[in-house]
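For reference, protein-v5.cif (mmCIF, C-alpha atoms):
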```
data_structure
loop_
_atom_site.label_atom_id
_atom_site.label_comp_id
_atom_site.auth_asym_id
_atom_site.auth_seq_id
_atom_site.Cartn_x
_atom_site.Cartn_y
_atom_site.Cartn_z
CA LEU A 3 -19.95 -126.44 -42.96
CA GLY A 4 -21.51 -129.48 -41.40
CA GLU A 5 -24.60 -129.25 -43.54
CA ILE A 6 -26.07 -132.60 -44.40
CA VAL A 7 -27.55 -133.51 -47.72
CA ILE A 8 -30.36 -135.95 -47.08
CA ALA A 9 -31.33 -138.48 -49.77
CA PHE A 10 -34.97 -139.52 -49.49
CA ASP A 11 -36.28 -142.79 -50.86
CA LEU A 12 -38.46 -142.58 -53.93
CA PHE A 13 -41.51 -144.85 -54.21
CA LYS A 14 -42.35 -144.83 -57.89
CA ASN A 15 -44.87 -146.98 -59.66
CA ASP A 16 -47.06 -146.78 -62.74
CA SER A 17 -49.41 -144.30 -61.10
CA GLY A 18 -46.81 -141.76 -59.91
CA SER A 19 -44.00 -140.87 -57.53
CA LEU A 20 -44.11 -140.64 -53.75
CA VAL A 21 -41.49 -139.37 -51.31
CA PHE A 22 -42.00 -139.44 -47.56
CA MET A 23 -40.07 -138.54 -44.45
CA GLU A 24 -40.61 -138.66 -40.71
CA GLY A 25 -39.42 -136.50 -37.85
CA ASN A 26 -36.44 -137.88 -35.94
CA ARG A 27 -35.86 -140.27 -38.80
CA GLU A 28 -35.06 -138.91 -42.27
CA ILE A 29 -35.61 -135.45 -40.78
CA PRO A 30 -33.19 -134.92 -37.88
CA PHE A 31 -35.78 -133.25 -35.62
CA VAL A 32 -39.47 -133.17 -34.77
CA VAL A 33 -41.26 -131.07 -37.39
CA LYS A 34 -43.05 -128.13 -35.78
CA ARG A 35 -43.46 -125.95 -38.83
CA VAL A 36 -43.94 -126.56 -42.56
CA PHE A 37 -43.65 -123.91 -45.27
CA TYR A 38 -43.39 -123.61 -49.01
CA VAL A 39 -42.25 -120.92 -51.38
CA TYR A 40 -43.42 -120.59 -54.99
CA ASP A 41 -44.01 -118.06 -57.78
CA VAL A 42 -40.58 -116.61 -57.13
CA ALA A 43 -39.74 -113.54 -59.23
CA LYS A 44 -36.91 -113.69 -61.75
CA ASN A 45 -33.53 -113.00 -60.15
CA ALA A 46 -35.09 -112.79 -56.69
CA ARG A 47 -33.17 -114.20 -53.75
CA ARG A 48 -35.04 -115.72 -50.86
CA ALA A 49 -34.15 -116.38 -47.23
CA MET A 50 -31.24 -113.89 -46.81
CA HIS A 51 -31.16 -114.48 -43.08
CA ALA A 52 -29.66 -116.58 -40.33
CA LEU A 53 -31.65 -118.36 -37.66
CA LYS A 54 -30.10 -118.28 -34.22
CA THR A 55 -31.56 -121.51 -32.89
CA THR A 56 -33.96 -122.92 -35.51
CA GLU A 57 -32.94 -125.89 -37.62
CA GLN A 58 -34.50 -126.52 -40.99
CA VAL A 59 -34.56 -128.96 -43.85
CA ILE A 60 -35.29 -127.54 -47.28
CA ILE A 61 -36.26 -129.48 -50.38
CA CYS A 62 -36.71 -128.35 -53.96
CA LEU A 63 -39.95 -130.08 -55.03
CA GLN A 64 -39.83 -128.80 -58.58
CA GLY A 65 -37.45 -126.76 -60.72
CA SER A 66 -34.08 -125.82 -59.31
CA CYS A 67 -32.34 -123.38 -57.01
CA VAL A 68 -29.01 -122.89 -55.29
CA CYS A 69 -28.80 -122.84 -51.52
CA SER A 70 -25.85 -120.75 -50.34
CA ILE A 71 -24.83 -121.51 -46.76
CA ASP A 72 -22.47 -119.37 -44.71
CA ASN A 73 -21.20 -120.01 -41.19
CA GLY A 74 -19.44 -116.66 -40.93
CA SER A 75 -16.05 -117.95 -42.00
CA SER A 76 -16.79 -120.02 -45.08
CA ARG A 77 -19.51 -120.34 -47.68
CA GLU A 78 -20.82 -123.35 -49.56
CA GLU A 79 -23.30 -123.64 -52.40
CA ILE A 80 -25.59 -126.61 -52.91
CA LYS A 81 -27.66 -126.97 -56.04
CA LEU A 82 -31.09 -128.42 -55.42
CA ASP A 83 -32.91 -129.77 -58.44
CA ASN A 84 -34.93 -132.81 -57.39
CA PRO A 85 -37.55 -133.76 -54.79
CA ARG A 86 -35.51 -136.62 -53.37
CA THR A 87 -32.84 -134.36 -51.85
CA GLY A 88 -33.04 -132.26 -48.71
CA VAL A 89 -30.49 -129.98 -47.11
CA HIS A 90 -30.28 -129.81 -43.34
CA LEU A 91 -29.59 -126.23 -42.29
CA ARG A 92 -28.21 -126.20 -38.79
CA LYS A 93 -28.78 -123.36 -36.36
CA GLY A 94 -26.69 -120.21 -36.58
CA ILE A 95 -26.15 -120.44 -40.35
CA TRP A 96 -26.76 -117.64 -42.86
CA ARG A 97 -28.64 -118.91 -45.91
CA GLU A 98 -29.55 -117.43 -49.26
CA ILE A 99 -31.56 -119.14 -51.96
CA LYS A 100 -30.74 -117.92 -55.44
CA ASP A 101 -30.80 -118.95 -59.12
CA ILE A 102 -34.40 -119.94 -58.49
CA SER A 103 -36.12 -121.28 -61.60
CA PRO A 104 -39.56 -119.81 -62.40
CA ASP A 105 -41.24 -123.16 -61.72
CA CYS A 106 -39.37 -123.75 -58.46
CA ILE A 107 -41.30 -124.90 -55.40
CA ILE A 108 -39.31 -125.03 -52.17
CA LEU A 109 -40.59 -127.02 -49.21
CA GLY A 110 -39.18 -126.24 -45.76
CA LEU A 111 -39.50 -128.08 -42.47
CA ALA A 112 -38.44 -126.47 -39.20
CA ASP A 113 -37.87 -127.74 -35.68
CA ARG A 114 -39.73 -124.92 -33.98
CA GLU A 115 -42.55 -122.46 -34.34
CA TYR A 116 -42.04 -119.09 -35.99
CA ASP A 117 -40.25 -116.63 -33.74
CA PRO A 118 -39.27 -113.30 -35.31
CA ASN A 119 -36.58 -112.87 -32.64
CA ASP A 120 -34.77 -115.92 -33.96
CA TYR A 121 -34.03 -114.21 -37.29
CA ILE A 122 -30.92 -112.21 -38.09
CA ARG A 123 -31.61 -110.29 -41.30
CA ASP A 124 -28.48 -108.11 -41.35
CA TYR A 125 -25.34 -109.85 -42.58
CA ASN A 126 -22.93 -107.78 -40.46
CA GLU A 127 -25.01 -108.56 -37.41
CA PHE A 128 -24.79 -112.24 -38.38
CA LEU A 129 -20.99 -112.00 -38.57
CA LYS A 130 -20.91 -110.62 -35.01
CA PHE A 131 -23.27 -113.40 -33.91
CA SER A 132 -21.13 -116.07 -35.58
CA LYS A 133 -18.04 -114.75 -33.77
CA GLY A 134 -19.85 -115.16 -30.48
CA GLU A 135 -20.22 -111.43 -29.91
CA THR A 136 -23.97 -111.80 -29.54
CA LYS A 137 -25.91 -114.64 -27.99
CA PRO A 138 -29.29 -116.11 -28.86
CA GLY A 139 -31.85 -113.93 -27.09
CA ASP A 140 -29.79 -110.74 -27.46
CA LEU B 30 -68.46 -135.77 -43.28
CA GLY B 31 -66.79 -133.59 -40.72
CA GLU B 32 -63.83 -132.90 -42.99
CA ILE B 33 -62.38 -129.48 -42.51
CA VAL B 34 -61.09 -127.28 -45.28
CA ILE B 35 -58.22 -125.25 -43.86
CA ALA B 36 -57.39 -121.85 -45.38
CA PHE B 37 -53.73 -120.96 -44.93
CA ASP B 38 -52.46 -117.39 -44.95
CA LEU B 39 -50.48 -116.33 -48.00
CA PHE B 40 -47.44 -114.10 -47.52
CA LYS B 41 -46.85 -112.62 -50.95
CA ASN B 42 -44.41 -109.90 -51.87
CA ASP B 43 -42.41 -108.81 -54.92
CA SER B 44 -40.01 -111.72 -54.55
CA GLY B 45 -42.55 -114.55 -54.33
CA SER B 46 -45.22 -116.36 -52.33
CA LEU B 47 -44.88 -118.08 -48.96
CA VAL B 48 -47.35 -120.27 -47.08
CA PHE B 49 -46.60 -121.69 -43.67
CA MET B 50 -48.31 -123.81 -41.06
CA GLU B 51 -47.54 -125.19 -37.63
CA GLY B 52 -48.56 -128.34 -35.82
CA ASN B 53 -51.40 -127.88 -33.33
CA ARG B 54 -52.13 -124.54 -34.94
CA GLU B 55 -53.17 -124.41 -38.61
CA ILE B 56 -52.58 -128.17 -38.67
CA PRO B 57 -54.82 -129.86 -36.07
CA PHE B 58 -52.09 -132.26 -34.86
CA VAL B 59 -48.37 -132.63 -34.36
CA VAL B 60 -46.77 -133.46 -37.72
CA LYS B 61 -44.93 -136.78 -37.54
CA ARG B 62 -44.75 -137.55 -41.23
CA VAL B 63 -44.51 -135.47 -44.42
CA PHE B 64 -45.00 -136.81 -47.94
CA TYR B 65 -45.51 -135.59 -51.46
CA VAL B 66 -46.84 -137.12 -54.65
CA TYR B 67 -45.91 -135.94 -58.13
CA ASP B 68 -45.55 -137.12 -61.75
CA VAL B 69 -48.95 -138.77 -61.53
CA ALA B 70 -49.95 -140.75 -64.60
CA LYS B 71 -52.92 -139.63 -66.66
CA ASN B 72 -56.21 -140.96 -65.25
CA ALA B 73 -54.44 -142.51 -62.28
CA ARG B 74 -56.14 -142.45 -58.91
CA ARG B 75 -54.06 -142.17 -55.78
CA ALA B 76 -54.72 -143.05 -52.14
CA MET B 77 -57.62 -145.55 -52.58
CA HIS B 78 -57.45 -146.50 -48.94
CA ALA B 79 -58.72 -145.71 -45.48
CA LEU B 80 -56.53 -145.12 -42.45
CA LYS B 81 -57.86 -146.61 -39.22
CA THR B 82 -56.27 -144.17 -36.81
CA THR B 83 -54.04 -141.79 -38.79
CA GLU B 84 -55.15 -138.22 -39.45
CA GLN B 85 -53.80 -136.28 -42.40
CA VAL B 86 -53.92 -132.90 -44.02
CA ILE B 87 -53.43 -132.81 -47.77
CA ILE B 88 -52.65 -129.77 -49.88
CA CYS B 89 -52.44 -129.35 -53.64
CA LEU B 90 -49.26 -127.29 -54.13
CA GLN B 91 -49.63 -127.05 -57.89
CA GLY B 92 -52.16 -128.08 -60.50
CA SER B 93 -55.44 -129.55 -59.38
CA CYS B 94 -57.06 -132.73 -58.14
CA VAL B 95 -60.29 -133.92 -56.56
CA CYS B 96 -60.25 -135.50 -53.13
CA SER B 97 -63.11 -137.92 -52.68
CA ILE B 98 -63.90 -138.68 -49.06
CA ASP B 99 -66.14 -141.49 -47.89
CA ASN B 100 -67.17 -142.34 -44.33
CA GLY B 101 -68.93 -145.54 -45.31
CA SER B 102 -72.37 -143.99 -45.53
CA SER B 103 -71.83 -140.83 -47.57
CA ARG B 104 -69.27 -139.47 -49.98
CA GLU B 105 -68.07 -135.93 -50.61
CA GLU B 106 -65.77 -134.48 -53.25
CA ILE B 107 -63.49 -131.53 -52.66
CA LYS B 108 -61.62 -129.90 -55.52
CA LEU B 109 -58.13 -128.78 -54.58
CA ASP B 110 -56.49 -126.30 -56.91
CA ASN B 111 -54.38 -123.92 -54.86
CA PRO B 112 -51.59 -124.04 -52.27
CA ARG B 113 -53.49 -122.04 -49.68
CA THR B 114 -56.08 -124.75 -49.04
CA GLY B 115 -55.71 -127.92 -47.03
CA VAL B 116 -58.18 -130.70 -46.32
CA HIS B 117 -58.15 -132.38 -42.93
CA LEU B 118 -58.81 -136.08 -43.37
CA ARG B 119 -59.94 -137.54 -40.10
CA LYS B 120 -59.24 -141.10 -39.08
CA GLY B 121 -61.38 -143.92 -40.39
CA ILE B 122 -62.17 -142.23 -43.71
CA TRP B 123 -61.76 -143.78 -47.15
CA ARG B 124 -60.08 -141.37 -49.56
CA GLU B 125 -59.42 -141.33 -53.28
CA ILE B 126 -57.57 -138.65 -55.19
CA LYS B 127 -58.63 -138.38 -58.81
CA ASP B 128 -58.80 -135.96 -61.75
CA ILE B 129 -55.16 -135.26 -61.01
CA SER B 130 -53.62 -132.76 -63.44
CA PRO B 131 -50.25 -133.74 -64.97
CA ASP B 132 -48.46 -130.92 -63.11
CA CYS B 133 -50.15 -131.70 -59.78
CA ILE B 134 -48.00 -131.87 -56.64
CA ILE B 135 -49.78 -133.07 -53.52
CA LEU B 136 -48.28 -132.44 -50.09
CA GLY B 137 -49.46 -134.54 -47.17
CA LEU B 138 -48.91 -134.19 -43.44
CA ALA B 139 -49.76 -136.99 -41.02
CA ASP B 140 -50.09 -137.25 -37.26
CA ARG B 141 -48.15 -140.51 -36.99
CA GLU B 142 -45.39 -142.54 -38.49
CA TYR B 143 -46.04 -144.96 -41.31
CA ASP B 144 -47.71 -148.15 -40.13
CA PRO B 145 -48.84 -150.58 -42.84
CA ASN B 146 -51.36 -152.09 -40.40
CA ASP B 147 -53.21 -148.79 -40.26
CA TYR B 148 -54.20 -149.02 -43.93
CA ILE B 149 -57.38 -150.58 -45.26
CA ARG B 150 -56.92 -151.05 -49.01
CA ASP B 151 -60.07 -153.04 -49.72
CA TYR B 152 -63.26 -151.02 -49.94
CA ASN B 153 -65.53 -153.81 -48.68
CA GLU B 154 -63.26 -154.29 -45.71
CA PHE B 155 -63.50 -150.53 -45.11
CA LEU B 156 -67.31 -150.74 -45.13
CA LYS B 157 -67.16 -153.41 -42.42
CA PHE B 158 -64.71 -151.29 -40.45
CA SER B 159 -66.90 -148.20 -40.77
CA LYS B 160 -69.89 -150.19 -39.43
CA GLY B 161 -67.82 -151.10 -36.39
CA GLU B 162 -67.50 -154.74 -37.37
CA THR B 163 -63.72 -154.47 -37.13
CA LYS B 164 -61.66 -152.45 -34.71
CA PRO B 165 -58.32 -150.69 -35.14
CA GLY B 166 -55.68 -153.32 -34.57
CA ASP B 167 -57.78 -156.14 -36.03
#
```
So that I can check it, write out the structure of this file as structure tokens.
Amino acid sequence: LGEIVIAFDLFKNDSGSLVFMEGNREIPFVVKRVFYVYDVAKNARRAMHALKTTEQVIICLQGSCVCSIDNGSSREEIKLDNPRTGVHLRKGIWREIKDISPDCIILGLADREYDPNDYIRDYNEFLKFSKGETKPGD
Amino acid sequence: LGEIVIAFDLFKNDSGSLVFMEGNREIPFVVKRVFYVYDVAKNARRAMHALKTTEQVIICLQGSCVCSIDNGSSREEIKLDNPRTGVHLRKGIWREIKDISPDCIILGLADREYDPNDYIRDYNEFLKFSKGETKPGD
């Protein structure tokens, strides 16, 4: 699906572990928005939307989860279970986060500010969008 | 010391908790660098440096820690124990992170890329810097 798994360097010494990343370097865009998700309920799924134009990188800082990515014609699942791995979610992709462990903390970085109009929350609407039947801004 | 504690909104529903922030909005700068610290050893202190020109926001995503901030003439301690609170660390400030719980995860956001020359790792050198005896770039 063209998604990119990003491997971050780990700087570990006797006092602890550090991971860092910069926009337009490890992260393939300038970071405009940062978010994190935690205290996820058992069996809950998160995300369950597509973003028309926003790109994101998501990272599982603790625990584990599965990121399911769908471009409208095929679906791929990526297990995230360590803080040194990010997944680049390109624009126009439907994503679901599932099998989220109780201790899971998900960090997200996005290339633009929050815009509710950029979200597609209905899967059938996403399928139309992915077939080019709707355009960003519709 | 002019440090600002930032309170982020919490978006909590049956499926979990979400916190988000944007550059030049909740975060008082454009985010150029993101980092996180975890698996900190018992009794370890982190940071232990000043940054000549870099500004940061740090957030305790899980567990707790104490951020000690020093401008060269006075010192202040801020306990961080929840993911809805950030501390804005202005440039030219010495910072130490201590009393770090074993489960602590610290997220940091910075207004510029990593530059080793921006760090002052010797406290006496910092005191000279804070008195204006050295300039950024020295």
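Residues matched by the PyMOL selection byres ((chain A) within 7 of (chain B)) in this file are Asp16, Ser17, Gly18, Ser19, Leu20, Val21, Phe22, Met23, Glu24, Gly25, Val33, Lys34, Arg35, Val36, Phe37, Tyr38, Val39, Tyr40, Asp41, Val42, Ala43, Ala46 and Glu115 of chain A.
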Take every atom of range 6-21 of chain A listed in the file, fit an axis-aligned box around them, add 5 Å per side, and give the centre and edge lengths in Å to one decimal as lines of an AutoDock Vina configuration file.
```
center_x = -37.7
center_y = -139.8
center_z = -53.6
size_x = 33.3
size_y = 24.4
size_z = 28.3
```
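Minimum atom-to-atom distance to Ser66 in chain A, evaluated using all atoms listed in the file, belongs to A:Leu82 out of A:Ile122, A:Leu12, A:Leu82, A:Leu129.
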Test item: which residues lie within 9 Å of (-21.6, -122.6, -47.5) counting all atoms listed in the file, as a PDB file with C-alpha atoms, in the frame of the given file:
```pdb
ATOM      1  CA  LEU A   3     -19.950-126.440 -42.960  1.00  0.00           C
ATOM      2  CA  GLU A   5     -24.600-129.250 -43.540  1.00  0.00           C
ATOM      3  CA  CYS A  69     -28.800-122.840 -51.520  1.00  0.00           C
ATOM      4  CA  SER A  70     -25.850-120.750 -50.340  1.00  0.00           C
ATOM      5  CA  ILE A  71     -24.830-121.510 -46.760  1.00  0.00           C
ATOM      6  CA  ASP A  72     -22.470-119.370 -44.710  1.00  0.00           C
ATOM      7  CA  ASN A  73     -21.200-120.010 -41.190  1.00  0.00           C
ATOM      8  CA  SER A  76     -16.790-120.020 -45.080  1.00  0.00           C
ATOM      9  CA  ARG A  77     -19.510-120.340 -47.680  1.00  0.00           C
ATOM     10  CA  GLU A  78     -20.820-123.350 -49.560  1.00  0.00           C
ATOM     11  CA  GLU A  79     -23.300-123.640 -52.400  1.00  0.00           C
ATOM     12  CA  ILE A  80     -25.590-126.610 -52.910  1.00  0.00           C
ATOM     13  CA  ILE A  95     -26.150-120.440 -40.350  1.00  0.00           C
ATOM     14  CA  TRP A  96     -26.760-117.640 -42.860  1.00  0.00           C
ATOM     15  CA  ARG A  97     -28.640-118.910 -45.910  1.00  0.00           C
TER      16      ARG A  97
END
```
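The list of residues with at least one atom within 10 Å of Tyr152 in chain B, based on all atoms listed in the file and without residues fewer than 5 positions apart in the same chain, reads Met77, His78, Ala79, Gly101, Trp123, Lys157 and Phe158 of chain B.
Taking CA of Ile129 in chain B and CA of Ile88 in chain B as endpoints, the distance between them is 12.7 Å.
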Please write the residues picked by the PyMOL selection byres ((chain A and resi 10) around 6) on this file as a PDB file with C-alpha atoms, keeping the file's coordinate frame.
```pdb
ATOM      1  CA  ALA A   9     -31.330-138.480 -49.770  1.00  0.00           C
ATOM      2  CA  ASP A  11     -36.280-142.790 -50.860  1.00  0.00           C
ATOM      3  CA  ARG A  86     -35.510-136.620 -53.370  1.00  0.00           C
TER       4      ARG A  86
END
```
Residues within 7 Å of Thr55 in chain A, please, as a compact mmCIF listing (two decimals) with C-alpha atoms, in the frame of the given file. Count only C-alpha atoms; anything in the same chain fewer than 2 positions from it doesn't count.
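Written file, selection.txt:
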```txt
# COMPACT_ATOMS: atom_id res chain seq x y z
CA LEU A 53 -31.65 -118.36 -37.66
CA GLU A 57 -32.94 -125.89 -37.62
CA LYS A 93 -28.78 -123.36 -36.36
CA GLY A 94 -26.69 -120.21 -36.58
CA ASP A 120 -34.77 -115.92 -33.96
```
Can you spell out as a list of chain:residue names the set of residues that the PyMOL selection byres ((chain B and resi 128) around 6) selects in the structure I just provided? B:Cys94, B:Val95, B:Lys127, B:Ile129
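The interatomic distance for the pair CA of Glu154 in chain B and CA of Lys108 in chain B works out to 26.3 Å.
CA of Gln58 in chain A sits 20.4 Å away from CA of Ser75 in chain A.
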